[in-house]
Each structure stands twice: as structure tokens, then as C-alpha cells.
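Engineer: Data: my_file_16.cif, mmCIF, C-alpha atoms.
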```cif
data_start
#
loop_
_atom_site.group_PDB
_atom_site.id
_atom_site.type_symbol
_atom_site.label_atom_id
_atom_site.label_comp_id
_atom_site.auth_asym_id
_atom_site.auth_seq_id
_atom_site.Cartn_x
_atom_site.Cartn_y
_atom_site.Cartn_z
ATOM 1 C CA MET A 593 65.658 -54.663 -37.607
ATOM 2 C CA LEU A 594 63.646 -56.467 -40.256
ATOM 3 C CA MET A 595 65.326 -59.774 -39.448
ATOM 4 C CA VAL A 596 64.668 -59.439 -35.719
ATOM 5 C CA VAL A 597 61.037 -58.399 -36.182
ATOM 6 C CA THR A 598 60.510 -61.282 -38.620
ATOM 7 C CA LEU A 599 62.000 -63.827 -36.203
ATOM 8 C CA VAL A 600 59.956 -62.454 -33.311
ATOM 9 C CA THR A 601 56.792 -62.567 -35.415
ATOM 10 C CA LEU A 602 57.488 -66.176 -36.382
ATOM 11 C CA SER A 603 58.153 -67.104 -32.776
ATOM 12 C CA ILE A 604 55.042 -65.548 -31.286
ATOM 13 C CA PHE A 605 52.804 -66.798 -34.088
ATOM 14 C CA PHE A 606 53.898 -70.416 -33.787
ATOM 15 C CA LEU A 607 54.721 -70.662 -30.066
ATOM 16 C CA ILE A 608 51.936 -68.829 -28.224
ATOM 17 C CA PRO A 609 49.063 -70.986 -29.610
ATOM 18 C CA LYS A 610 51.088 -74.117 -28.819
ATOM 19 C CA LEU A 611 51.758 -72.986 -25.251
ATOM 20 C CA THR A 612 48.044 -72.677 -24.506
ATOM 21 C CA GLY A 613 47.404 -76.268 -25.584
ATOM 22 C CA SER A 614 43.898 -75.407 -26.850
ATOM 23 C CA ASP A 615 42.110 -75.173 -30.174
ATOM 24 C CA PRO A 616 41.880 -71.457 -31.117
ATOM 25 C CA ALA A 617 38.528 -72.012 -32.831
ATOM 26 C CA ALA A 618 37.093 -73.658 -29.702
ATOM 27 C CA MET A 619 38.440 -70.810 -27.571
ATOM 28 C CA PHE A 620 36.785 -68.294 -29.885
ATOM 29 C CA VAL A 621 33.397 -70.008 -29.687
ATOM 30 C CA GLY A 622 33.499 -70.519 -25.914
ATOM 31 C CA LYS A 623 32.793 -73.321 -23.486
ATOM 32 C CA GLN A 624 29.342 -74.182 -24.854
ATOM 33 C CA ALA A 625 30.707 -75.006 -28.303
ATOM 34 C CA ASP A 626 29.340 -77.664 -30.642
ATOM 35 C CA PRO A 627 31.434 -79.192 -33.475
ATOM 36 C CA ALA A 628 29.500 -77.343 -36.187
ATOM 37 C CA SER A 629 30.123 -73.946 -34.578
ATOM 38 C CA ILE A 630 33.811 -74.712 -34.068
ATOM 39 C CA GLU A 631 34.180 -75.755 -37.711
ATOM 40 C CA GLY A 632 32.402 -72.590 -38.882
ATOM 41 C CA VAL A 633 34.755 -70.390 -36.851
ATOM 42 C CA ARG A 634 37.755 -72.369 -38.074
ATOM 43 C CA GLN A 635 36.762 -71.600 -41.663
ATOM 44 C CA LYS A 636 35.954 -67.962 -40.878
ATOM 45 C CA LEU A 637 39.331 -67.346 -39.256
ATOM 46 C CA GLY A 638 41.237 -69.347 -41.853
ATOM 47 C CA LEU A 639 42.396 -71.917 -39.297
ATOM 48 C CA ASP A 640 41.614 -74.750 -41.725
ATOM 49 C CA GLU A 641 44.412 -73.595 -44.030
ATOM 50 C CA PRO A 642 48.083 -74.721 -43.846
ATOM 51 C CA ILE A 643 50.045 -73.052 -41.059
ATOM 52 C CA LEU A 644 52.372 -71.179 -43.441
ATOM 53 C CA VAL A 645 49.359 -69.769 -45.282
ATOM 54 C CA GLN A 646 47.919 -68.663 -41.935
ATOM 55 C CA PHE A 647 51.188 -66.932 -41.115
ATOM 56 C CA TRP A 648 51.212 -65.142 -44.470
ATOM 57 C CA HIS A 649 47.656 -63.947 -43.911
ATOM 58 C CA PHE A 650 48.598 -62.774 -40.426
ATOM 59 C CA VAL A 651 51.605 -60.751 -41.642
ATOM 60 C CA SER A 652 49.937 -59.327 -44.738
ATOM 61 C CA GLY A 653 46.855 -58.441 -42.707
ATOM 62 C CA ILE A 654 48.950 -56.113 -40.545
ATOM 63 C CA PHE A 655 49.699 -53.962 -43.602
ATOM 64 C CA VAL A 656 46.683 -54.315 -45.925
ATOM 65 C CA GLY A 657 43.903 -55.579 -43.648
ATOM 66 C CA ARG A 658 42.005 -58.817 -44.000
ATOM 67 C CA ASP A 659 38.549 -60.219 -44.694
ATOM 68 C CA TYR A 660 37.229 -63.090 -42.604
ATOM 69 C CA THR A 661 34.613 -65.114 -44.452
ATOM 70 C CA GLY A 662 32.537 -68.080 -43.421
ATOM 71 C CA GLY A 663 29.345 -68.879 -41.591
ATOM 72 C CA GLY A 664 27.301 -66.849 -44.045
ATOM 73 C CA ASP A 665 28.882 -63.475 -43.287
ATOM 74 C CA THR A 666 31.986 -61.455 -44.089
ATOM 75 C CA ILE A 667 34.004 -59.511 -41.537
ATOM 76 C CA HIS A 668 36.474 -56.895 -42.732
ATOM 77 C CA CYS A 669 39.408 -55.977 -40.540
ATOM 78 C CA ALA A 670 41.138 -52.812 -41.710
ATOM 79 C CA ALA A 671 44.918 -52.431 -41.610
ATOM 80 C CA PRO A 672 46.676 -52.913 -39.282
ATOM 81 C CA CYS A 673 44.880 -56.175 -38.600
ATOM 82 C CA PHE A 674 45.794 -58.407 -35.667
ATOM 83 C CA GLY A 675 42.646 -60.487 -35.892
ATOM 84 C CA TYR A 676 39.578 -60.526 -33.669
ATOM 85 C CA SER A 677 39.463 -60.964 -29.922
ATOM 86 C CA PHE A 678 38.290 -64.377 -28.744
ATOM 87 C CA ARG A 679 36.372 -62.786 -25.861
ATOM 88 C CA THR A 680 34.740 -59.688 -27.335
ATOM 89 C CA GLU A 681 34.913 -60.578 -31.052
ATOM 90 C CA GLN A 682 36.089 -57.032 -31.700
ATOM 91 C CA ASP A 683 38.919 -56.012 -33.975
ATOM 92 C CA VAL A 684 42.107 -56.280 -31.874
ATOM 93 C CA TRP A 685 43.595 -53.084 -33.316
ATOM 94 C CA THR A 686 40.429 -51.181 -32.386
ATOM 95 C CA LEU A 687 40.766 -52.509 -28.833
ATOM 96 C CA LEU A 688 44.390 -51.412 -28.608
ATOM 97 C CA VAL A 689 44.444 -48.089 -30.459
ATOM 98 C CA ASP A 690 42.745 -46.265 -27.569
ATOM 99 C CA ARG A 691 45.160 -47.832 -25.073
ATOM 100 C CA ILE A 692 48.367 -46.832 -26.843
ATOM 101 C CA PRO A 693 48.191 -43.111 -25.855
ATOM 102 C CA VAL A 694 47.730 -44.152 -22.206
ATOM 103 C CA THR A 695 50.865 -46.274 -22.207
ATOM 104 C CA ILE A 696 52.916 -43.715 -24.151
ATOM 105 C CA SER A 697 51.846 -40.927 -21.774
ATOM 106 C CA MET A 698 52.745 -42.965 -18.715
ATOM 107 C CA VAL A 699 56.072 -44.246 -20.039
ATOM 108 C CA ILE A 700 57.361 -40.937 -21.470
ATOM 109 C CA GLY A 701 56.510 -39.007 -18.303
ATOM 110 C CA ALA A 702 58.033 -41.632 -16.008
ATOM 111 C CA ALA A 703 61.112 -41.977 -18.240
ATOM 112 C CA LEU A 704 61.895 -38.250 -18.087
ATOM 113 C CA LEU A 705 61.420 -38.339 -14.337
ATOM 114 C CA TRP A 706 63.597 -41.373 -13.662
ATOM 115 C CA LEU A 707 66.320 -40.244 -16.080
ATOM 116 C CA VAL A 708 66.716 -36.833 -14.437
ATOM 117 C CA MET A 709 66.404 -38.171 -10.889
ATOM 118 C CA GLY A 710 68.570 -41.229 -11.420
ATOM 119 C CA VAL A 711 71.424 -39.556 -13.272
ATOM 120 C CA ALA A 712 71.482 -36.521 -10.963
ATOM 121 C CA THR A 713 71.491 -38.723 -7.866
ATOM 122 C CA GLY A 714 74.213 -40.957 -9.279
ATOM 123 C CA VAL A 715 76.465 -38.049 -10.213
ATOM 124 C CA LEU A 716 75.985 -36.381 -6.829
ATOM 125 C CA SER A 717 76.689 -39.648 -5.055
ATOM 126 C CA ALA A 718 79.886 -40.177 -7.062
ATOM 127 C CA LEU A 719 81.129 -36.656 -6.351
ATOM 128 C CA LYS A 720 80.321 -37.064 -2.642
ATOM 129 C CA ARG A 721 81.746 -40.569 -2.420
ATOM 130 C CA GLY A 722 81.940 -41.919 1.129
ATOM 131 C CA THR A 723 79.920 -39.085 2.655
ATOM 132 C CA ALA A 724 76.504 -39.198 4.315
ATOM 133 C CA VAL A 725 74.960 -37.938 1.060
ATOM 134 C CA ASP A 726 76.444 -40.897 -0.822
ATOM 135 C CA ARG A 727 75.245 -43.439 1.744
ATOM 136 C CA ALA A 728 71.742 -41.956 1.931
ATOM 137 C CA ALA A 729 71.415 -41.938 -1.864
ATOM 138 C CA MET A 730 72.543 -45.541 -2.214
ATOM 139 C CA ILE A 731 70.276 -46.744 0.625
ATOM 140 C CA THR A 732 67.341 -45.049 -1.097
ATOM 141 C CA ALA A 733 68.369 -46.577 -4.425
ATOM 142 C CA LEU A 734 68.618 -50.027 -2.841
ATOM 143 C CA ALA A 735 65.118 -49.608 -1.412
ATOM 144 C CA GLY A 736 63.807 -48.549 -4.821
ATOM 145 C CA VAL A 737 65.266 -51.608 -6.521
ATOM 146 C CA SER A 738 64.171 -54.010 -3.767
ATOM 147 C CA LEU A 739 60.589 -52.920 -3.086
ATOM 148 C CA PRO A 740 57.936 -54.635 -5.246
ATOM 149 C CA ILE A 741 56.192 -52.174 -7.506
ATOM 150 C CA TYR A 742 52.790 -53.186 -6.093
ATOM 151 C CA PHE A 743 53.972 -52.151 -2.637
ATOM 152 C CA THR A 744 55.351 -48.862 -3.954
ATOM 153 C CA ALA A 745 52.069 -48.167 -5.770
ATOM 154 C CA MET A 746 50.002 -48.811 -2.628
ATOM 155 C CA LEU A 747 52.373 -46.666 -0.554
ATOM 156 C CA VAL A 748 52.147 -43.787 -3.024
ATOM 157 C CA MET A 749 48.356 -44.008 -3.194
ATOM 158 C CA PHE A 750 48.075 -44.185 0.593
ATOM 159 C CA LEU A 751 50.289 -41.128 1.063
ATOM 160 C CA PHE A 752 49.114 -38.807 -1.717
ATOM 161 C CA ARG A 753 45.518 -39.904 -2.224
ATOM 162 C CA THR A 754 44.285 -41.278 1.112
ATOM 163 C CA GLN A 755 46.238 -39.180 3.605
ATOM 164 C CA LEU A 756 46.833 -35.920 1.772
ATOM 165 C CA GLY A 757 43.933 -36.089 -0.682
ATOM 166 C CA TRP A 758 45.999 -34.381 -3.358
ATOM 167 C CA LEU A 759 45.971 -36.703 -6.352
ATOM 168 C CA ASP A 760 44.103 -39.608 -7.859
ATOM 169 C CA ALA A 761 45.313 -41.972 -10.584
ATOM 170 C CA LYS A 762 42.678 -41.574 -13.279
ATOM 171 C CA TYR A 763 43.604 -41.193 -16.924
ATOM 172 C CA VAL A 764 42.142 -38.227 -18.778
ATOM 173 C CA PRO A 765 43.189 -37.584 -22.421
ATOM 174 C CA ILE A 766 45.505 -34.628 -22.777
ATOM 175 C CA SER A 767 43.204 -33.213 -25.459
ATOM 176 C CA GLU A 768 40.450 -32.806 -22.864
ATOM 177 C CA SER A 769 42.443 -31.240 -20.041
ATOM 178 C CA PHE A 770 46.206 -30.946 -19.600
ATOM 179 C CA GLY A 771 45.887 -30.429 -15.849
ATOM 180 C CA SER A 772 43.688 -33.519 -15.366
ATOM 181 C CA TRP A 773 45.951 -35.549 -17.628
ATOM 182 C CA PHE A 774 49.047 -34.494 -15.679
ATOM 183 C CA GLY A 775 47.453 -35.005 -12.260
ATOM 184 C CA GLY A 776 45.971 -38.371 -13.186
ATOM 185 C CA LEU A 777 49.337 -39.762 -14.301
ATOM 186 C CA LEU A 778 51.572 -38.237 -11.635
ATOM 187 C CA LEU A 779 51.178 -41.120 -9.160
ATOM 188 C CA PRO A 780 51.980 -43.813 -11.778
ATOM 189 C CA TRP A 781 54.936 -41.695 -12.916
ATOM 190 C CA ILE A 782 56.287 -41.501 -9.380
ATOM 191 C CA THR A 783 55.798 -45.234 -8.817
ATOM 192 C CA LEU A 784 57.466 -46.304 -12.053
ATOM 193 C CA ALA A 785 60.212 -43.673 -11.826
ATOM 194 C CA PHE A 786 61.157 -44.682 -8.270
ATOM 195 C CA LEU A 787 62.010 -48.195 -9.440
ATOM 196 C CA TYR A 788 64.015 -47.173 -12.503
ATOM 197 C CA ALA A 789 65.645 -44.078 -10.982
ATOM 198 C CA ALA A 790 67.132 -46.321 -8.314
ATOM 199 C CA MET A 791 68.777 -48.544 -10.926
ATOM 200 C CA TYR A 792 70.000 -45.573 -12.945
ATOM 201 C CA ALA A 793 71.454 -43.936 -9.835
ATOM 202 C CA ARG A 794 73.516 -47.020 -8.993
ATOM 203 C CA LEU A 795 74.728 -47.431 -12.585
ATOM 204 C CA THR A 796 75.541 -43.720 -12.952
ATOM 205 C CA ARG A 797 77.506 -43.688 -9.708
ATOM 206 C CA ALA A 798 79.572 -46.736 -10.657
ATOM 207 C CA THR A 799 80.266 -45.444 -14.181
ATOM 208 C CA MET A 800 81.075 -41.921 -13.011
ATOM 209 C CA LEU A 801 83.563 -43.190 -10.423
ATOM 210 C CA GLU A 802 85.285 -45.249 -13.119
ATOM 211 C CA VAL A 803 85.390 -42.329 -15.565
ATOM 212 C CA LEU A 804 86.739 -39.882 -12.961
ATOM 213 C CA GLY A 805 89.751 -42.144 -12.533
ATOM 214 C CA GLU A 806 90.678 -42.064 -16.245
ATOM 215 C CA ASP A 807 93.834 -40.349 -17.486
ATOM 216 C CA TYR A 808 92.032 -37.850 -19.721
ATOM 217 C CA ILE A 809 90.082 -36.534 -16.716
ATOM 218 C CA ARG A 810 93.312 -35.958 -14.791
ATOM 219 C CA THR A 811 94.767 -34.291 -17.896
ATOM 220 C CA ALA A 812 91.769 -31.984 -18.214
ATOM 221 C CA ARG A 813 92.117 -30.962 -14.589
ATOM 222 C CA ALA A 814 95.874 -30.489 -14.947
ATOM 223 C CA LYS A 815 95.232 -28.113 -17.875
ATOM 224 C CA GLY A 816 93.330 -25.887 -15.477
ATOM 225 C CA LEU A 817 89.816 -26.472 -16.821
ATOM 226 C CA GLN A 818 86.989 -25.564 -14.505
ATOM 227 C CA GLU A 819 85.425 -28.495 -12.651
ATOM 228 C CA ARG A 820 82.026 -27.971 -14.281
ATOM 229 C CA VAL A 821 83.681 -28.206 -17.714
ATOM 230 C CA VAL A 822 85.567 -31.363 -16.724
ATOM 231 C CA LEU A 823 82.390 -32.991 -15.441
ATOM 232 C CA GLY A 824 79.957 -31.693 -18.055
ATOM 233 C CA LYS A 825 82.035 -31.921 -21.228
ATOM 234 C CA HIS A 826 84.330 -34.860 -20.506
ATOM 235 C CA ALA A 827 83.065 -37.099 -17.692
ATOM 236 C CA MET A 828 79.331 -36.964 -18.420
ATOM 237 C CA ARG A 829 79.673 -37.834 -22.107
ATOM 238 C CA SER A 830 81.457 -41.079 -21.267
ATOM 239 C CA THR A 831 79.112 -41.777 -18.375
ATOM 240 C CA MET A 832 76.006 -41.406 -20.550
ATOM 241 C CA THR A 833 76.962 -44.180 -22.992
ATOM 242 C CA PRO A 834 75.855 -47.141 -20.795
ATOM 243 C CA ILE A 835 72.970 -45.043 -19.447
ATOM 244 C CA LEU A 836 71.743 -44.459 -22.992
ATOM 245 C CA THR A 837 71.945 -48.188 -23.724
ATOM 246 C CA ILE A 838 69.722 -49.317 -20.871
ATOM 247 C CA PHE A 839 67.448 -46.284 -21.303
ATOM 248 C CA GLY A 840 66.646 -47.349 -24.859
ATOM 249 C CA MET A 841 66.004 -50.931 -23.780
ATOM 250 C CA ASP A 842 63.811 -49.933 -20.846
ATOM 251 C CA LEU A 843 61.849 -47.377 -22.851
ATOM 252 C CA GLY A 844 61.241 -49.796 -25.708
ATOM 253 C CA ALA A 845 60.150 -52.625 -23.411
ATOM 254 C CA LEU A 846 57.756 -50.405 -21.454
ATOM 255 C CA MET A 847 56.142 -49.140 -24.664
ATOM 256 C CA GLY A 848 54.485 -52.538 -24.795
ATOM 257 C CA GLY A 849 52.877 -51.774 -21.459
ATOM 258 C CA ALA A 850 54.014 -51.473 -17.856
ATOM 259 C CA VAL A 851 51.894 -54.397 -16.698
ATOM 260 C CA LEU A 852 52.296 -54.098 -12.930
ATOM 261 C CA THR A 853 51.979 -50.310 -12.792
ATOM 262 C CA GLU A 854 48.974 -50.179 -15.097
ATOM 263 C CA THR A 855 47.279 -53.005 -13.215
ATOM 264 C CA ALA A 856 47.977 -51.442 -9.814
ATOM 265 C CA PHE A 857 46.472 -48.105 -10.858
ATOM 266 C CA ASN A 858 43.874 -49.666 -13.189
ATOM 267 C CA LEU A 859 45.048 -47.615 -16.156
ATOM 268 C CA PRO A 860 43.577 -48.660 -19.529
ATOM 269 C CA GLY A 861 46.935 -49.154 -21.238
ATOM 270 C CA LEU A 862 48.601 -51.919 -23.217
ATOM 271 C CA GLY A 863 49.985 -53.569 -20.079
ATOM 272 C CA ASN A 864 46.531 -53.868 -18.557
ATOM 273 C CA ALA A 865 45.220 -55.266 -21.849
ATOM 274 C CA ALA A 866 48.048 -57.821 -21.931
ATOM 275 C CA PHE A 867 47.329 -58.901 -18.349
ATOM 276 C CA LYS A 868 43.645 -59.449 -19.120
ATOM 277 C CA ALA A 869 44.469 -61.182 -22.400
ATOM 278 C CA VAL A 870 46.725 -63.695 -20.643
ATOM 279 C CA SER A 871 44.077 -64.278 -17.967
ATOM 280 C CA ASP A 872 41.409 -64.837 -20.641
ATOM 281 C CA ARG A 873 43.770 -66.763 -22.965
ATOM 282 C CA ASP A 874 42.856 -64.314 -25.720
ATOM 283 C CA LEU A 875 45.485 -65.299 -28.296
ATOM 284 C CA PRO A 876 45.010 -62.519 -30.897
ATOM 285 C CA LEU A 877 45.325 -59.862 -28.203
ATOM 286 C CA ILE A 878 48.444 -61.534 -26.757
ATOM 287 C CA LEU A 879 50.001 -61.750 -30.221
ATOM 288 C CA ALA A 880 49.321 -58.082 -30.935
ATOM 289 C CA VAL A 881 50.734 -56.726 -27.666
ATOM 290 C CA THR A 882 53.813 -58.949 -27.940
ATOM 291 C CA LEU A 883 54.477 -57.816 -31.502
ATOM 292 C CA ILE A 884 54.023 -54.135 -30.604
ATOM 293 C CA THR A 885 56.472 -54.551 -27.709
ATOM 294 C CA ALA A 886 59.056 -56.262 -29.920
ATOM 295 C CA ALA A 887 58.788 -53.549 -32.569
ATOM 296 C CA ALA A 888 59.192 -50.834 -29.922
ATOM 297 C CA VAL A 889 62.334 -52.490 -28.502
ATOM 298 C CA VAL A 890 63.888 -52.858 -31.968
ATOM 299 C CA ILE A 891 63.173 -49.227 -32.865
ATOM 300 C CA ALA A 892 64.546 -48.055 -29.517
ATOM 301 C CA ASN A 893 67.758 -50.021 -30.136
ATOM 302 C CA LEU A 894 68.157 -48.375 -33.549
ATOM 303 C CA VAL A 895 67.708 -44.904 -32.038
ATOM 304 C CA VAL A 896 70.263 -45.719 -29.326
ATOM 305 C CA ASP A 897 72.809 -46.868 -31.926
ATOM 306 C CA LEU A 898 72.371 -43.602 -33.823
ATOM 307 C CA LEU A 899 72.694 -41.515 -30.670
ATOM 308 C CA TYR A 900 76.007 -43.173 -29.762
ATOM 309 C CA ALA A 901 77.676 -41.127 -32.496
ATOM 310 C CA VAL A 902 76.196 -37.939 -31.052
ATOM 311 C CA ILE A 903 77.496 -38.325 -27.490
ATOM 312 C CA ASP A 904 80.709 -40.275 -28.135
ATOM 313 C CA PRO A 905 83.168 -38.882 -30.745
ATOM 314 C CA ARG A 906 85.058 -42.201 -30.746
ATOM 315 C CA VAL A 907 82.113 -43.831 -32.517
ATOM 316 C CA ARG A 908 82.262 -41.270 -35.331
ATOM 317 C CA LEU A 909 86.030 -41.719 -35.675
ATOM 318 C CA ALA A 910 85.623 -45.499 -35.823
#
```
Would you write out, as C-alpha cells, the structure that this file holds?
Structural biologist:
Amino acid sequence: MLMVVTLVTLSIFFLIPKLTGSDPAAMFVGKQADPASIEGVRQKLGLDEPILVQFWHFVSGIFVGRDYTGGGDTIHCAAPCFGYSFRTEQDVWTLLVDRIPVTISMVIGAALLWLVMGVATGVLSALKRGTAVDRAAMITALAGVSLPIYFTAMLVMFLFRTQLGWLDAKYVPISESFGSWFGGLLLPWITLAFLYAAMYARLTRATMLEVLGEDYIRTARAKGLQERVVLGKHAMRSTMTPILTIFGMDLGALMGGAVLTETAFNLPGLGNAAFKAVSDRDLPLILAVTLITAAAVVIANLVVDLLYAVIDPRVRLA
């Protein structure tokens, strides 16, 4: 984990500024920048130091904070410190800390929804293989995978908000009102879950069909075990291994922000912040969101590896 996070941090720190092809100090000052102002900002942000020293300050600032000096003033950035935004000149962590609960709320709710819907649909489709239920489920899953998420978001808003007048996508903190929080996130949950549930349904169906053909399933049935025991205790445990793998990857990646969903519903999450940061070429904000996403993916992979031993006895025996 530490090696991966270190390599990712090195990559984003050195590559992202190079990809923009611009002087960070000039970007911080703005279009109407004179050489004296650019030089003052370069000293304030430490951009006049060697690149390895800059990287050390960047990494250490995440844990202990950092002081920016120059231009006659001192700016303190408390830990974790990802620098200051080029556009608002605010502490990047302060800009993101209020957005993290929005993204976590949206991703966790959608993940529970797509996991239950996708796995249940896939299992039902596998058990009803070749029937009308199977064909209808797979056609729906194909539509979910194929439709752009912007189209799905507009369709959901048109149906539930415009036509029925039931819901509106507006984030309200759960501490203020659980009902408003739930209702404001339901449409983004449905939109995001429809895409992922479709993929999980197809994967679950394919895996379940493969597992049901294994010798140990035939042996369990030959021993006279009830079908629910065969499916629940034997087939599902093997089926859930690949599901758990992609679930951890998807959950970790989305913790850095579901860009399209958040943008479509104008939710103030990390994905929306990343979209605006790329549009504004706000390097500190891009660096911070990228690093948060990478850390979330690495942690999710670790959790998945640990859970393998819980659902698959062969891992514990190995």
C-alpha cells in the first residue's frame, strides 16, 4: 500500500504540472500577471526550490501542515495540506472537506443499491436461464451498460421530478434532516446504481452459471441438501469472489468522486470539484482529488484482500 501510494504521489506531482505546459506561479497570479508578482508567488509557494525539495514539502505538508512565506506575509496551511487553490487562493483541504461527505453519501447509498439489485438480478437470471425472465433481465442490463449516464440522469429527473414531482436532487446534510438527505440523494443513487447494477447482473449471471456446473454443487445436491442451502452456502460463496473484487475497485474509485453523476445533478462533491479544477487548470485541487482517489482505491483493495478469507475457505487453507 505504501509503495503504491508513494508511486502515485510521485507520478501526479511530477506529471500533472508538466501536462498543463504552464508556469504554476503564473497560473496562480492570473492573466494580468507582471514578472514581479509571478516571482513573489514563486517564492511564497516554494516553486523556486529544487523539485525534490518541493516534493518533500508537498508530502510532509499533508501530515504536519505547511507555512507559505513571501511577499511580506505568511500563510499557514494546517494538516492535511494540499496547497492553495490557484483560483480562490483558499486552502485546498478546506475546499474539499465539506465535499467529502457528499461523495461518501452518494457512493455508499448507490453501492448498496447496485450490489443488491445487481446480484439478485444475476442470480435470478442464472436460475431462470433461457426463460423470458432471463432475457428481460439481460436486455435491461445491456441497456444499463450502454446508456450514457448523462442520458440516464436526465431520464430519471424527467420522470421523477418533472412528471411526477416526487423528488429533487438537492444535497442536505444528514445531520440537518435524514428525510431531506435521503430524498435529495435518491435520484443520483438510482442513476449511478442503474449503470453498475447492470454490470454486476451480467457478471453474477455468468459466474453463477459456471459455479452451478461444478462437481461440488452436483455432490451437494446428490447428498439431498435443500436447494436454498446449495445456492446460499455453496454456490453464492464462490460467486461472490469476483463480485467482491470489482466491488472494491468500483467503490474505491468512486470515493474520489463520481464526476458525471455529480455534474449532472450539480452535487457539491469531489467529482464536481475535480471537473471544475480541470476546467480551471487548478493544479493543487487536481493533485488533491487524484491523491484522495488513489488512497481510496488502495484501501479498498486491502479490504477486499482481507475479505477473501472470510467468504472463501480455500484462501484460509492456502
Engineer: Could you list, as a PyMOL selection string, every residue within 9 Å of Phe620 (chain A), counting all atoms listed in the file and ignoring same-chain residues fewer than 2 positions away?
Structural biologist: chain A and resi 615-618+622+630+633+677-679+681+874
Engineer: Please indicate the distance in Å from CA of Met749 (chain A) to CA of Gly844 (chain A), rounded to one decimal place.
Structural biologist: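 Going from CA of Met749 (chain A) over to CA of Gly844 (chain A) covers 26.6 Å.
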Engineer: May I have the residues within 12 Å of Trp648 (chain A) as a PDB file with C-alpha atoms, in the coordinates of the input, using all atoms listed in the file and disregarding those fewer than 4 positions away in the same chain?
Structural biologist:
```pdb
ATOM      1  CA  THR A 598      60.510 -61.282 -38.620  1.00  0.00           C
ATOM      2  CA  THR A 601      56.792 -62.567 -35.415  1.00  0.00           C
ATOM      3  CA  LEU A 602      57.488 -66.176 -36.382  1.00  0.00           C
ATOM      4  CA  PHE A 605      52.804 -66.798 -34.088  1.00  0.00           C
ATOM      5  CA  GLY A 638      41.237 -69.347 -41.853  1.00  0.00           C
ATOM      6  CA  GLU A 641      44.412 -73.595 -44.030  1.00  0.00           C
ATOM      7  CA  PRO A 642      48.083 -74.721 -43.846  1.00  0.00           C
ATOM      8  CA  ILE A 643      50.045 -73.052 -41.059  1.00  0.00           C
ATOM      9  CA  LEU A 644      52.372 -71.179 -43.441  1.00  0.00           C
ATOM     10  CA  SER A 652      49.937 -59.327 -44.738  1.00  0.00           C
ATOM     11  CA  GLY A 653      46.855 -58.441 -42.707  1.00  0.00           C
ATOM     12  CA  ILE A 654      48.950 -56.113 -40.545  1.00  0.00           C
ATOM     13  CA  PHE A 655      49.699 -53.962 -43.602  1.00  0.00           C
ATOM     14  CA  VAL A 656      46.683 -54.315 -45.925  1.00  0.00           C
ATOM     15  CA  ARG A 658      42.005 -58.817 -44.000  1.00  0.00           C
TER      16      ARG A 658
END
```
Engineer: Please evaluate the PyMOL selection byres ((chain A and resi 879-881) around 9) against the displayed coordinates and give the resulting residues as number ranges by chain.
Structural biologist: A: 601, 604-605, 608, 674-675, 684-685, 688, 848-849, 862-863, 865-866, 874-878, 882-886
Engineer: Neighbours of Ile891 (chain A) within 12 Å (all atoms listed in the file; same-chain residues fewer than 5 positions away dropped), as a CSV table (one decimal) with C-alpha atoms, keeping the file's coordinate frame?
Structural biologist:
```
chain,number,residue,atom,x,y,z
A,593,MET,CA,65.7,-54.7,-37.6
A,594,LEU,CA,63.6,-56.5,-40.3
A,596,VAL,CA,64.7,-59.4,-35.7
A,597,VAL,CA,61.0,-58.4,-36.2
A,840,GLY,CA,66.6,-47.3,-24.9
A,841,MET,CA,66.0,-50.9,-23.8
A,843,LEU,CA,61.8,-47.4,-22.9
A,844,GLY,CA,61.2,-49.8,-25.7
A,845,ALA,CA,60.2,-52.6,-23.4
A,847,MET,CA,56.1,-49.1,-24.7
A,884,ILE,CA,54.0,-54.1,-30.6
A,885,THR,CA,56.5,-54.6,-27.7
A,886,ALA,CA,59.1,-56.3,-29.9
A,896,VAL,CA,70.3,-45.7,-29.3
A,897,ASP,CA,72.8,-46.9,-31.9
A,898,LEU,CA,72.4,-43.6,-33.8
```
Engineer: Could you list, as a list of chain:residue names, every residue matched by the PyMOL selection byres ((chain A and resi 856) around 9) in this structure?
Structural biologist: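 In the shown coordinates, the PyMOL selection byres ((chain A and resi 856) around 9) covers A:Ile741, A:Tyr742, A:Ala745, A:Met746, A:Pro780, A:Val851, A:Leu852, A:Thr853, A:Glu854, A:Thr855, A:Phe857, A:Asn858, A:Leu859.
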Engineer: To one decimal place in Å, what is the distance between CA of Asp659 (chain A) and CA of Gln646 (chain A)?
Structural biologist: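 The value is 12.9 Å.
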Engineer: Name every residue that the PyMOL selection byres ((chain A and resi 670) around 8) selects in this structure, writing the answer as a PDB file with C-alpha atoms, keeping the file's coordinate frame with chains first and numbers rising.
Structural biologist:
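What landed in out.pdb:
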```pdb
ATOM      1  CA  VAL A 656      46.683 -54.315 -45.925  1.00  0.00           C
ATOM      2  CA  GLY A 657      43.903 -55.579 -43.648  1.00  0.00           C
ATOM      3  CA  ARG A 658      42.005 -58.817 -44.000  1.00  0.00           C
ATOM      4  CA  HIS A 668      36.474 -56.895 -42.732  1.00  0.00           C
ATOM      5  CA  CYS A 669      39.408 -55.977 -40.540  1.00  0.00           C
ATOM      6  CA  ALA A 671      44.918 -52.431 -41.610  1.00  0.00           C
ATOM      7  CA  PRO A 672      46.676 -52.913 -39.282  1.00  0.00           C
ATOM      8  CA  CYS A 673      44.880 -56.175 -38.600  1.00  0.00           C
TER       9      CYS A 673
END
```
Engineer: Would you compute the distance between CA of Leu894 (chain A) and CA of Tyr792 (chain A)? Give it in Å to one decimal.
Structural biologist: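 Interatomic distance here is 20.9 Å.
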Engineer: May I ask which of the residues A:Leu804, A:Val651, A:Met709, A:Ala850 is the closest one to Ser830 (chain A), counting all atoms listed in the file?
Structural biologist: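 That would be A:Leu804, the residue with the smallest distance to Ser830 (chain A).
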Engineer: Box for region 815-828 of chain A: with edges along x, y and z, all listed atoms inside and 3 Å added on each side, what are the centre and edge lengths in Å to one decimal, as JSON?
Structural biologist:
```
{"center_x": 87.3, "center_y": -31.3, "center_z": -16.9, "size_x": 21.9, "size_y": 17.5, "size_z": 14.6}
```
